[in-house]
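Coordinates from final-v7.cif are shown below (mmCIF, C-alpha atoms).
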```cif
data_entry
#
loop_
_atom_site.label_atom_id
_atom_site.label_comp_id
_atom_site.auth_asym_id
_atom_site.auth_seq_id
_atom_site.Cartn_x
_atom_site.Cartn_y
_atom_site.Cartn_z
CA MET A 24 133.29 117.22 66.07
CA ILE A 25 135.91 117.94 68.73
CA ASP A 26 137.90 115.15 70.36
CA ILE A 27 140.01 116.16 73.34
CA THR A 28 141.93 113.64 75.41
CA ILE A 29 144.51 113.80 78.17
CA SER A 30 145.90 110.35 78.71
CA SER A 31 148.70 108.55 80.51
CA LYS A 32 148.72 105.93 77.72
CA PRO A 33 150.71 106.20 74.44
CA LEU A 34 149.11 108.46 71.81
CA SER A 35 148.27 107.31 68.28
CA VAL A 36 148.72 109.46 65.16
CA SER A 37 146.44 107.25 63.10
CA GLN A 38 143.69 107.44 65.73
CA CYS A 39 143.74 111.26 65.54
CA TYR A 40 143.86 111.21 61.73
CA ASP A 41 140.98 108.75 61.55
CA TYR A 42 138.91 111.00 63.81
CA VAL A 43 139.34 114.14 61.69
CA HIS A 44 139.15 112.39 58.32
CA ASP A 45 136.09 113.78 56.49
CA GLN A 46 134.84 113.79 52.90
CA ARG A 47 133.92 117.47 53.21
CA ALA A 48 137.58 118.34 53.83
CA GLY A 49 140.42 118.65 51.37
CA GLY A 50 143.16 119.51 53.84
CA ASN A 51 144.24 117.75 57.00
CA ALA A 52 147.14 119.13 59.01
CA LEU A 53 148.69 117.28 61.91
CA PHE A 54 151.32 118.29 64.40
CA VAL A 55 153.04 115.63 66.46
CA GLY A 56 155.27 116.77 69.32
CA THR A 57 157.79 114.17 70.46
CA VAL A 58 160.40 113.93 73.20
CA ARG A 59 163.74 115.18 71.89
CA ASP A 60 166.97 113.56 73.01
CA GLN A 61 168.46 116.89 74.06
CA THR A 62 167.63 120.42 75.20
CA GLN A 63 170.13 123.10 74.27
CA GLY A 64 172.82 120.50 73.85
CA LYS A 65 172.17 118.71 77.15
CA ALA A 66 171.13 115.05 76.90
CA VAL A 67 167.58 114.37 78.08
CA VAL A 68 166.91 111.03 79.77
CA ARG A 69 163.12 111.17 80.08
CA LEU A 70 160.22 113.55 80.79
CA ASP A 71 157.33 113.80 83.18
CA PHE A 72 154.15 115.63 82.25
CA GLU A 73 151.75 116.74 84.96
CA ALA A 74 148.34 118.19 84.07
CA TYR A 75 145.65 120.07 85.97
CA LYS A 76 143.28 117.93 84.04
CA PRO A 77 139.81 119.54 84.30
CA MET A 78 141.16 123.00 83.50
CA ALA A 79 143.52 121.68 80.80
CA ILE A 80 140.53 120.10 79.05
CA LYS A 81 138.63 123.41 79.25
CA GLU A 82 141.56 125.37 77.82
CA MET A 83 142.01 122.83 75.00
CA GLN A 84 138.29 123.13 74.27
CA LYS A 85 138.70 126.93 73.97
CA ILE A 86 141.51 126.40 71.47
CA ALA A 87 139.33 124.04 69.44
CA ASP A 88 136.41 126.49 69.51
CA THR A 89 138.67 129.21 68.12
CA MET A 90 139.87 126.85 65.36
CA VAL A 91 136.25 126.30 64.34
CA GLU A 92 135.35 129.99 64.42
CA ARG A 93 138.45 131.41 62.79
CA TRP A 94 139.41 128.73 60.26
CA SER A 95 136.14 126.84 59.71
CA ALA A 96 137.73 123.68 61.07
CA LEU A 97 135.37 120.77 60.52
CA LYS A 98 136.90 118.28 62.95
CA ILE A 99 139.60 118.61 65.55
CA SER A 100 141.50 116.10 67.62
CA ILE A 101 143.82 117.23 70.42
CA HIS A 102 145.52 114.52 72.48
CA HIS A 103 148.05 115.21 75.23
CA ARG A 104 150.04 112.66 77.16
CA THR A 105 150.76 112.73 80.90
CA GLY A 106 153.08 110.77 83.14
CA THR A 107 156.54 109.51 82.28
CA LEU A 108 157.68 109.67 78.62
CA GLU A 109 160.79 108.17 77.10
CA LEU A 110 162.82 109.63 74.21
CA GLY A 111 160.81 109.67 70.98
CA ASP A 112 157.46 109.22 72.74
CA ILE A 113 154.60 111.40 71.55
CA ALA A 114 153.75 114.24 73.94
CA VAL A 115 150.98 115.86 71.92
CA ILE A 116 149.03 115.39 68.71
CA ILE A 117 146.91 118.05 67.04
CA ALA A 118 144.90 117.07 63.98
CA VAL A 119 142.50 119.30 62.10
CA CYS A 120 140.66 119.22 58.82
CA THR A 121 139.38 122.19 56.89
CA PRO A 122 137.80 122.60 53.46
CA HIS A 123 140.99 124.17 52.05
CA ARG A 124 144.59 123.43 52.94
CA LYS A 125 146.01 126.80 53.97
CA ALA A 126 143.50 127.05 56.80
CA SER A 127 144.47 123.62 58.12
CA PHE A 128 148.09 124.69 58.59
CA ASP A 129 147.13 128.01 60.18
CA ALA A 130 144.64 126.40 62.57
CA CYS A 131 147.07 123.64 63.55
CA GLN A 132 149.89 126.06 64.21
CA TYR A 133 147.62 128.33 66.23
CA ALA A 134 146.58 125.33 68.31
CA ILE A 135 150.05 124.14 69.27
CA ASP A 136 151.32 127.70 69.86
CA THR A 137 148.37 128.49 72.12
CA LEU A 138 148.45 125.13 73.90
CA LYS A 139 152.02 125.84 74.92
CA GLU A 140 150.96 129.20 76.37
CA THR A 141 147.67 128.54 78.11
CA VAL A 142 147.01 124.86 78.84
CA PRO A 143 147.94 123.96 82.43
CA ILE A 144 150.34 121.11 81.76
CA TRP A 145 153.88 121.04 83.08
CA LYS A 146 156.94 119.28 81.77
CA LYS A 147 159.80 118.13 83.98
CA GLU A 148 162.96 117.24 82.07
CA TYR A 149 165.30 114.65 83.57
CA PHE A 150 169.00 114.83 82.80
CA GLU A 151 171.82 112.59 83.98
CA ASP A 152 172.52 115.03 86.79
CA GLY A 153 169.10 116.26 87.87
CA ALA A 154 165.72 117.52 86.72
CA VAL A 155 164.07 120.87 85.96
CA TRP A 156 160.54 122.11 85.47
CA VAL A 157 160.71 123.53 81.94
CA ALA A 158 160.14 127.30 81.51
CA ALA A 159 159.59 127.83 85.24
CA HIS A 160 162.41 130.33 85.63
CA PRO A 161 163.30 133.35 83.47
CA MET B 20 166.44 110.22 55.11
CA ILE B 21 164.05 110.97 52.25
CA ASP B 22 161.23 108.60 51.38
CA ILE B 23 159.40 109.35 48.12
CA THR B 24 156.70 107.09 46.74
CA ILE B 25 154.18 107.28 43.93
CA SER B 26 151.75 104.42 44.30
CA SER B 27 148.45 103.18 42.97
CA LYS B 28 147.74 101.56 46.37
CA PRO B 29 146.10 103.33 49.34
CA LEU B 30 148.44 105.61 51.32
CA SER B 31 149.03 105.28 55.05
CA VAL B 32 149.44 108.22 57.44
CA SER B 33 150.99 106.08 60.15
CA GLN B 34 153.54 104.67 57.69
CA CYS B 35 154.69 108.21 56.82
CA TYR B 36 154.73 109.25 60.48
CA ASP B 37 156.71 106.15 61.46
CA TYR B 38 159.26 106.94 58.76
CA VAL B 39 159.95 110.51 59.93
CA HIS B 40 159.75 109.79 63.66
CA ASP B 41 163.15 110.60 65.17
CA GLN B 42 164.50 111.22 68.67
CA ARG B 43 166.51 114.19 67.41
CA ALA B 44 163.28 115.95 66.40
CA GLY B 45 160.79 117.82 68.54
CA GLY B 46 158.36 118.76 65.81
CA ASN B 47 156.64 116.61 63.21
CA ALA B 48 154.22 118.22 60.77
CA LEU B 49 152.03 116.22 58.43
CA PHE B 50 149.75 117.28 55.63
CA VAL B 51 147.19 114.83 54.31
CA GLY B 52 145.31 115.78 51.15
CA THR B 53 142.06 113.90 50.66
CA VAL B 54 139.37 113.74 47.98
CA ARG B 55 136.66 116.28 48.75
CA ASP B 56 133.05 115.51 47.98
CA GLN B 57 132.62 118.73 45.98
CA THR B 58 134.45 121.35 43.95
CA GLN B 59 132.97 124.83 44.00
CA GLY B 60 129.61 123.41 44.99
CA LYS B 61 129.51 120.68 42.34
CA ALA B 62 129.37 117.09 43.63
CA VAL B 63 132.47 115.05 42.85
CA VAL B 64 131.97 111.33 42.19
CA ARG B 65 135.61 110.19 42.01
CA LEU B 66 139.06 111.25 40.80
CA ASP B 67 141.78 109.92 38.56
CA PHE B 68 145.41 110.84 39.09
CA GLU B 69 147.90 110.37 36.28
CA ALA B 70 151.63 110.85 36.87
CA TYR B 71 154.66 111.21 34.65
CA LYS B 72 156.35 109.05 37.20
CA PRO B 73 160.14 109.36 36.65
CA MET B 74 159.96 113.14 36.40
CA ALA B 75 157.45 113.42 39.26
CA ILE B 76 159.87 111.53 41.52
CA LYS B 77 162.69 113.89 40.49
CA GLU B 78 160.60 116.98 41.21
CA MET B 79 159.51 115.58 44.59
CA GLN B 80 163.17 114.90 45.38
CA LYS B 81 163.97 118.57 44.60
CA ILE B 82 161.26 119.64 47.03
CA ALA B 83 162.68 117.37 49.73
CA ASP B 84 166.22 118.67 49.12
CA THR B 85 164.99 122.23 49.61
CA MET B 86 163.25 121.22 52.87
CA VAL B 87 166.54 119.86 54.16
CA GLU B 88 168.55 122.91 53.10
CA ARG B 89 166.13 125.61 54.12
CA TRP B 90 164.49 124.18 57.27
CA SER B 91 167.05 121.60 58.46
CA ALA B 92 164.49 118.86 57.95
CA LEU B 93 165.84 115.61 59.40
CA LYS B 94 163.51 113.16 57.67
CA ILE B 95 160.91 113.60 54.96
CA SER B 96 158.23 111.33 53.57
CA ILE B 97 156.25 112.31 50.46
CA HIS B 98 153.70 109.82 49.15
CA HIS B 99 151.39 110.48 46.21
CA ARG B 100 148.61 108.25 44.98
CA THR B 101 147.78 107.53 41.33
CA GLY B 102 144.87 105.85 39.62
CA THR B 103 141.23 106.02 40.66
CA LEU B 104 140.38 107.53 44.06
CA GLU B 105 137.03 107.55 45.81
CA LEU B 106 135.69 110.30 48.09
CA GLY B 107 137.75 110.59 51.26
CA ASP B 108 140.72 108.67 49.84
CA ILE B 109 144.16 110.08 50.52
CA ALA B 110 145.74 111.74 47.47
CA VAL B 111 148.97 112.91 49.09
CA ILE B 112 150.82 112.74 52.40
CA ILE B 113 153.74 114.94 53.36
CA ALA B 114 155.47 114.28 56.66
CA VAL B 115 158.54 116.07 57.96
CA CYS B 116 160.40 116.33 61.23
CA THR B 117 162.64 119.18 62.31
CA PRO B 118 164.44 120.00 65.56
CA HIS B 119 161.95 122.81 66.33
CA ARG B 120 158.27 123.00 65.55
CA LYS B 121 157.91 126.22 63.56
CA ALA B 122 160.25 124.89 60.87
CA SER B 123 158.19 121.71 60.50
CA PHE B 124 155.07 123.70 59.59
CA ASP B 125 156.94 125.97 57.19
CA ALA B 126 158.70 123.08 55.46
CA CYS B 127 155.49 121.05 55.17
CA GLN B 128 153.52 123.96 53.74
CA TYR B 129 156.31 124.76 51.26
CA ALA B 130 156.27 121.12 50.14
CA ILE B 131 152.55 120.87 49.39
CA ASP B 132 152.43 124.34 47.79
CA THR B 133 155.39 123.51 45.53
CA LEU B 134 154.18 120.00 44.74
CA LYS B 135 150.95 121.48 43.40
CA GLU B 136 152.94 123.81 41.12
CA THR B 137 155.77 121.70 39.79
CA VAL B 138 155.22 117.95 40.12
CA PRO B 139 153.89 116.44 36.87
CA ILE B 140 150.75 114.78 38.21
CA TRP B 141 147.31 115.45 36.80
CA LYS B 142 143.92 115.17 38.42
CA LYS B 143 140.74 114.40 36.50
CA GLU B 144 137.56 115.11 38.45
CA TYR B 145 134.47 113.09 37.62
CA PHE B 146 131.03 114.60 38.15
CA GLU B 147 127.60 113.12 37.52
CA ASP B 148 127.57 114.79 34.10
CA GLY B 149 131.15 114.54 32.89
CA ALA B 150 134.80 114.96 33.78
CA VAL B 151 137.45 117.67 33.65
CA TRP B 152 141.22 117.85 33.93
CA VAL B 153 141.65 120.17 36.91
CA ALA B 154 143.38 123.53 36.31
CA ALA B 155 143.89 122.81 32.60
CA HIS B 156 141.97 125.86 31.43
CA PRO B 157 142.18 129.47 32.63
CA MET C 15 164.70 115.19 12.51
CA LYS C 16 162.01 113.02 14.08
CA VAL C 17 161.52 113.49 17.81
CA LYS C 18 159.54 111.33 20.21
CA ILE C 19 156.81 113.17 22.12
CA LEU C 20 154.92 111.97 25.18
CA ALA C 21 151.70 113.59 26.35
CA PHE C 22 149.96 113.48 29.75
CA GLY C 23 146.67 114.69 31.20
CA ILE C 24 144.65 116.85 28.87
CA ALA C 25 147.59 116.97 26.41
CA LYS C 26 147.05 113.27 25.81
CA ASP C 27 143.42 113.99 24.89
CA ILE C 28 144.45 116.86 22.59
CA VAL C 29 147.04 114.93 20.58
CA GLY C 30 144.95 111.76 20.68
CA GLY C 31 147.37 109.43 22.42
CA LYS C 32 150.11 109.10 24.95
CA ALA C 33 153.08 108.77 22.59
CA GLY C 34 153.85 110.11 19.13
CA GLU C 35 156.51 111.54 16.87
CA MET C 36 156.90 114.94 15.22
CA GLU C 37 159.32 116.29 12.63
CA PHE C 38 161.43 119.30 13.61
CA SER C 39 164.36 121.10 11.95
CA GLU C 40 167.84 120.64 13.41
CA HIS C 41 168.52 122.96 16.36
CA ALA C 42 164.83 123.66 16.92
CA THR C 43 164.12 125.40 20.21
CA ILE C 44 161.42 124.59 22.75
CA SER C 45 159.74 127.81 21.63
CA GLN C 46 159.52 126.42 18.08
CA VAL C 47 158.25 123.09 19.41
CA LYS C 48 155.44 124.85 21.27
CA THR C 49 154.51 126.91 18.22
CA ALA C 50 154.43 123.80 16.04
CA LEU C 51 152.25 122.00 18.57
CA SER C 52 149.81 124.92 18.77
CA GLU C 53 149.57 125.05 14.98
CA LYS C 54 148.93 121.35 14.63
CA TYR C 55 146.58 121.19 17.68
CA PRO C 56 144.87 124.58 18.24
CA ASP C 57 143.42 123.28 21.54
CA PHE C 58 146.81 123.85 23.18
CA ASP C 59 146.15 127.60 22.97
CA LYS C 60 143.06 127.13 25.15
CA LEU C 61 145.12 125.77 28.06
CA ALA C 62 146.10 127.96 31.00
CA LYS C 63 149.67 127.15 29.93
CA PHE C 64 151.78 124.21 28.88
CA SER C 65 155.44 123.39 29.35
CA ILE C 66 157.84 121.03 27.68
CA ALA C 67 160.10 118.71 29.59
CA VAL C 68 163.14 117.15 27.98
CA ASN C 69 164.68 114.06 29.49
CA GLU C 70 162.60 114.42 32.66
CA SER C 71 163.36 118.10 33.37
CA TYR C 72 161.51 121.30 32.58
CA GLN C 73 163.27 123.28 29.84
CA ASP C 74 162.71 126.90 28.94
CA ASP C 75 161.85 128.35 25.53
CA ALA C 76 165.48 128.89 24.48
CA TYR C 77 166.52 125.26 24.99
CA VAL C 78 167.71 123.59 21.78
CA ILE C 79 166.50 120.03 21.24
CA SER C 80 168.63 117.23 19.84
CA GLU C 81 168.01 113.99 18.04
CA GLY C 82 167.18 111.32 20.58
CA ASP C 83 165.60 113.72 23.10
CA GLU C 84 162.33 112.65 24.62
CA LEU C 85 159.96 115.62 24.70
CA VAL C 86 157.08 115.55 27.14
CA ILE C 87 154.12 117.89 26.97
CA ILE C 88 153.26 119.06 30.49
CA PRO C 89 149.85 120.72 30.72
CA PRO C 90 148.99 122.56 33.99
CA VAL C 91 149.73 120.13 36.82
CA SER C 92 147.11 119.41 39.49
CA GLY C 93 148.55 116.88 41.92
CA GLY C 94 148.10 116.96 45.68
CA MET D 15 138.27 132.95 105.62
CA LYS D 16 140.07 129.69 104.86
CA VAL D 17 140.55 128.94 101.17
CA LYS D 18 141.65 125.68 99.54
CA ILE D 19 144.74 125.97 97.33
CA LEU D 20 146.05 123.44 94.81
CA ALA D 21 149.56 123.60 93.40
CA PHE D 22 151.05 122.01 90.26
CA GLY D 23 154.47 121.69 88.70
CA ILE D 24 157.17 123.67 90.44
CA ALA D 25 154.53 125.37 92.63
CA LYS D 26 153.90 122.01 94.25
CA ASP D 27 157.60 121.78 95.11
CA ILE D 28 157.60 125.35 96.46
CA VAL D 29 154.62 124.95 98.80
CA GLY D 30 155.63 121.40 99.68
CA GLY D 31 152.52 119.55 98.56
CA LYS D 32 149.72 119.41 96.08
CA ALA D 33 146.88 120.70 98.28
CA GLY D 34 146.74 123.11 101.19
CA GLU D 35 144.72 125.85 102.82
CA MET D 36 145.48 129.51 103.46
CA GLU D 37 143.73 132.20 105.44
CA PHE D 38 142.60 135.34 103.57
CA SER D 39 140.48 138.35 104.54
CA GLU D 40 136.95 138.60 103.10
CA HIS D 41 136.93 140.11 99.59
CA ALA D 42 140.61 139.44 99.04
CA THR D 43 141.71 139.89 95.43
CA ILE D 44 143.92 137.61 93.35
CA SER D 45 146.56 140.33 93.63
CA GLN D 46 146.47 139.98 97.43
CA VAL D 47 146.58 136.20 97.14
CA LYS D 48 149.72 136.40 95.01
CA THR D 49 151.39 138.82 97.42
CA ALA D 50 150.56 136.56 100.37
CA LEU D 51 151.98 133.54 98.53
CA SER D 52 155.19 135.39 97.66
CA GLU D 53 155.61 136.49 101.28
CA LYS D 54 155.08 133.01 102.67
CA TYR D 55 157.13 131.31 99.89
CA PRO D 56 159.79 133.70 98.52
CA ASP D 57 160.63 131.17 95.76
CA PHE D 58 157.53 132.29 93.87
CA ASP D 59 159.33 135.56 93.08
CA LYS D 60 162.02 133.56 91.27
CA LEU D 61 159.53 132.17 88.75
CA ALA D 62 159.18 133.64 85.26
CA LYS D 63 155.57 134.32 86.35
CA PHE D 64 152.70 132.58 88.05
CA SER D 65 148.95 132.84 87.64
CA ILE D 66 146.00 131.91 89.78
CA ALA D 67 143.04 129.98 88.47
CA VAL D 68 139.75 129.97 90.30
CA ASN D 69 137.26 127.21 89.63
CA GLU D 70 139.21 126.01 86.59
CA SER D 71 139.61 129.39 84.85
CA TYR D 72 142.40 131.95 84.84
CA GLN D 73 141.46 135.06 86.82
CA ASP D 74 143.18 138.42 86.71
CA ASP D 75 144.57 140.41 89.62
CA ALA D 76 141.35 142.31 90.32
CA TYR D 77 139.20 139.20 90.75
CA VAL D 78 137.67 138.93 94.26
CA ILE D 79 137.72 135.48 95.79
CA SER D 80 134.88 134.00 97.80
CA GLU D 81 134.55 131.35 100.45
CA GLY D 82 134.39 127.95 98.79
CA ASP D 83 136.53 128.96 95.79
CA GLU D 84 139.24 126.54 94.79
CA LEU D 85 142.41 128.47 94.02
CA VAL D 86 145.02 126.83 91.84
CA ILE D 87 148.57 128.08 91.51
CA ILE D 88 149.62 127.91 87.85
CA PRO D 89 153.37 128.31 87.34
CA PRO D 90 154.62 128.80 83.74
CA VAL D 91 153.05 126.04 81.65
CA SER D 92 155.18 123.84 79.42
CA GLY D 93 152.93 121.32 77.74
CA GLY D 94 153.21 120.20 74.13
#
```
Now, as a test, write the supplied structure out as structure tokens.
Amino acid sequence: MIDITISSKPLSVSQCYDYVHDQRAGGNALFVGTVRDQTQGKAVVRLDFEAYKPMAIKEMQKIADTMVERWSALKISIHHRTGTLELGDIAVIIAVCTPHRKASFDACQYAIDTLKETVPIWKKEYFEDGAVWVAAHP
Amino acid sequence: MIDITISSKPLSVSQCYDYVHDQRAGGNALFVGTVRDQTQGKAVVRLDFEAYKPMAIKEMQKIADTMVERWSALKISIHHRTGTLELGDIAVIIAVCTPHRKASFDACQYAIDTLKETVPIWKKEYFEDGAVWVAAHP
Amino acid sequence: MKVKILAFGIAKDIVGGKAGEMEFSEHATISQVKTALSEKYPDFDKLAKFSIAVNESYQDDAYVISEGDELVIIPPVSGG
Amino acid sequence: MKVKILAFGIAKDIVGGKAGEMEFSEHATISQVKTALSEKYPDFDKLAKFSIAVNESYQDDAYVISEGDELVIIPPVSGG
């Protein structure tokens, strides 16, 4: 009941929703992270995502396991994109269904917060005048 | 930037996502409420939703206005189904995008919580042995 | 004065139809409307609560109704 | 002993390539690995932090590496 994908192809919200959709669930929460056109006021041109794929999958699996244990998540879909992304492209989708709605929000928020802390994926932001690895420096 | 619909036709998650998708946003949160196969252990056969449509639209608009004011929501889509729904059918979709992700969760959760308190829509649950208007009695 | 009343959800079952009319005195308040409804249809007292909307907005007990208002009986909502 | 090291993100830029090898004493700890990396590549000290994963799991400073381990330098992650 856990669907984890790291892919260099465009991600699909409806594919993730269709995966988690379940008659036993009343609440489905989804988070979709997309490429913003600016970072702290500076125009972003595009992004690159690099993943240490086998370990990233393991860390995403740990997140999903915690969602099941702590919030009784019935089905979970976590998709992350790699490679070059243009403005508006989807970087990540997290979809989860739970019997009751409050848990679906809490589990989904836990997942994206934790993914951003533990999953070995790196974002390089390209500006008109250069590029930086996000969060690398204090 | 606010898309409110009450419809007797099936709802579409990707339609709501496509509406709110915006390059100025980094976070999109969606809630999808579906028909559960049971209520407190009793098997549900189907549902009927009845809406006082003009007032329901007004109350949903108030919710959306608050999401814009309080969480700087950029785009909001709220779709509610009416008529007869089968198990697994989508009853409601709320989609919202905000510059940062935390606000998208908070705004989305506020919207579904408030919708369930204020929007004049009524759910009748059908069981094998009868039907009840949900929440009517203490 | 005669006032038009709409009913939804379980309220429709209680009053036996979606639309009707009731007679109220001039300057009746929502509070008086609710009392009159409970007297005519005791099943309203069994509800968790019920509200009255006038012209598509919730109105509180002190609100004074006028000729031509459309009153709507709003039993506990359960959308979503 | 010679140990294989992989680098991602900015760590790849710092060490000048995705894969390399470094020489460590037997029973070296992750703490010693990090010190050796910082000495050879002072730019690691400019990072907000960096971690070392061994065989696809984070390992803390006290972890003792063995011959055949695959060490991976994990600079601050920024997925999502």
So which residues get picked by the PyMOL selection byres ((chain D) within 8 of (chain A)) here, written as number ranges by chain? D: 22-24, 60-63, 70-71, 88-94
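Using all atoms listed in the file, the part of chain A that sits within 8 Å of chain B is made up of A:Val36, A:Ser37, A:Tyr40, A:His44, A:Asp45, A:Gln46, A:Arg47, A:Ala48, A:Gly49, A:Gly50, A:Asn51, A:Ala52, A:Leu53, A:Phe54, A:Val55, A:Gly56, A:Thr57, A:Val58, A:Arg59, A:Asp60, A:Gln61, A:Leu110, A:Gly111, A:Pro122, A:Arg124, A:Phe128, A:Gln132.
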One decimal, in Å: what's the spacing between CA of Ile44 in chain D and CA of Tyr72 in chain D?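 If I compute the distance from CA of Ile44 in chain D to CA of Tyr72 in chain D, I get 10.3 Å.
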Quick check on the file I pasted: which residues fall under the PyMOL selection byres ((chain A and resi 24) around 7)? Write them as a list in words.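 For this structure, the PyMOL selection byres ((chain A and resi 24) around 7) resolves to Ile25, Asp26, Leu97, Lys98 and Ile99 of chain A.
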Which residues are near Thr43 in chain D? Cut-off 9 Å, all atoms listed in the file, ignore same chain within fewer than 2 positions. Put them as a list of chain:residue names.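 Result of the neighbour search: D:His41, D:Ser45, D:Gln46, D:Val47, D:Lys48, D:Asp74, D:Asp75, D:Ala76, D:Tyr77, D:Val78, D:Ile79.
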May I have the residues at most 8 Å from (145.1, 130.7, 65.1) in the file's coordinates, counting only C-alpha atoms, as an mmCIF file with C-alpha atoms, in the frame of the given file?
```cif
data_model
loop_
_atom_site.group_PDB
_atom_site.id
_atom_site.type_symbol
_atom_site.label_atom_id
_atom_site.label_comp_id
_atom_site.auth_asym_id
_atom_site.auth_seq_id
_atom_site.Cartn_x
_atom_site.Cartn_y
_atom_site.Cartn_z
ATOM 1 C CA THR A 89 138.670 129.210 68.120
ATOM 2 C CA MET A 90 139.870 126.850 65.360
ATOM 3 C CA ARG A 93 138.450 131.410 62.790
ATOM 4 C CA TRP A 94 139.410 128.730 60.260
ATOM 5 C CA ASP A 129 147.130 128.010 60.180
ATOM 6 C CA ALA A 130 144.640 126.400 62.570
ATOM 7 C CA CYS A 131 147.070 123.640 63.550
ATOM 8 C CA GLN A 132 149.890 126.060 64.210
ATOM 9 C CA TYR A 133 147.620 128.330 66.230
ATOM 10 C CA ALA A 134 146.580 125.330 68.310
#
```
Evaluate the PyMOL selection byres ((chain B and resi 149) around 12) here and jot the selected residues down as a count of residues only. 15
Can you work out the spacing between CA of Phe58 in chain D and CA of Lys26 in chain D in Å, to one decimal? 10.9 Å
Between CA of Asp67 in chain B and CA of Leu85 in chain C, what distance in Å does the model show, to one decimal?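 For CA of Asp67 in chain B relative to CA of Leu85 in chain C, the distance reads 23.6 Å.
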Residue neighbourhood Gly34 in chain D, 10 Å, all atoms listed in the file, exclusion window fewer than 6 positions, as a ChimeraX atom specification: /D:17-21,85
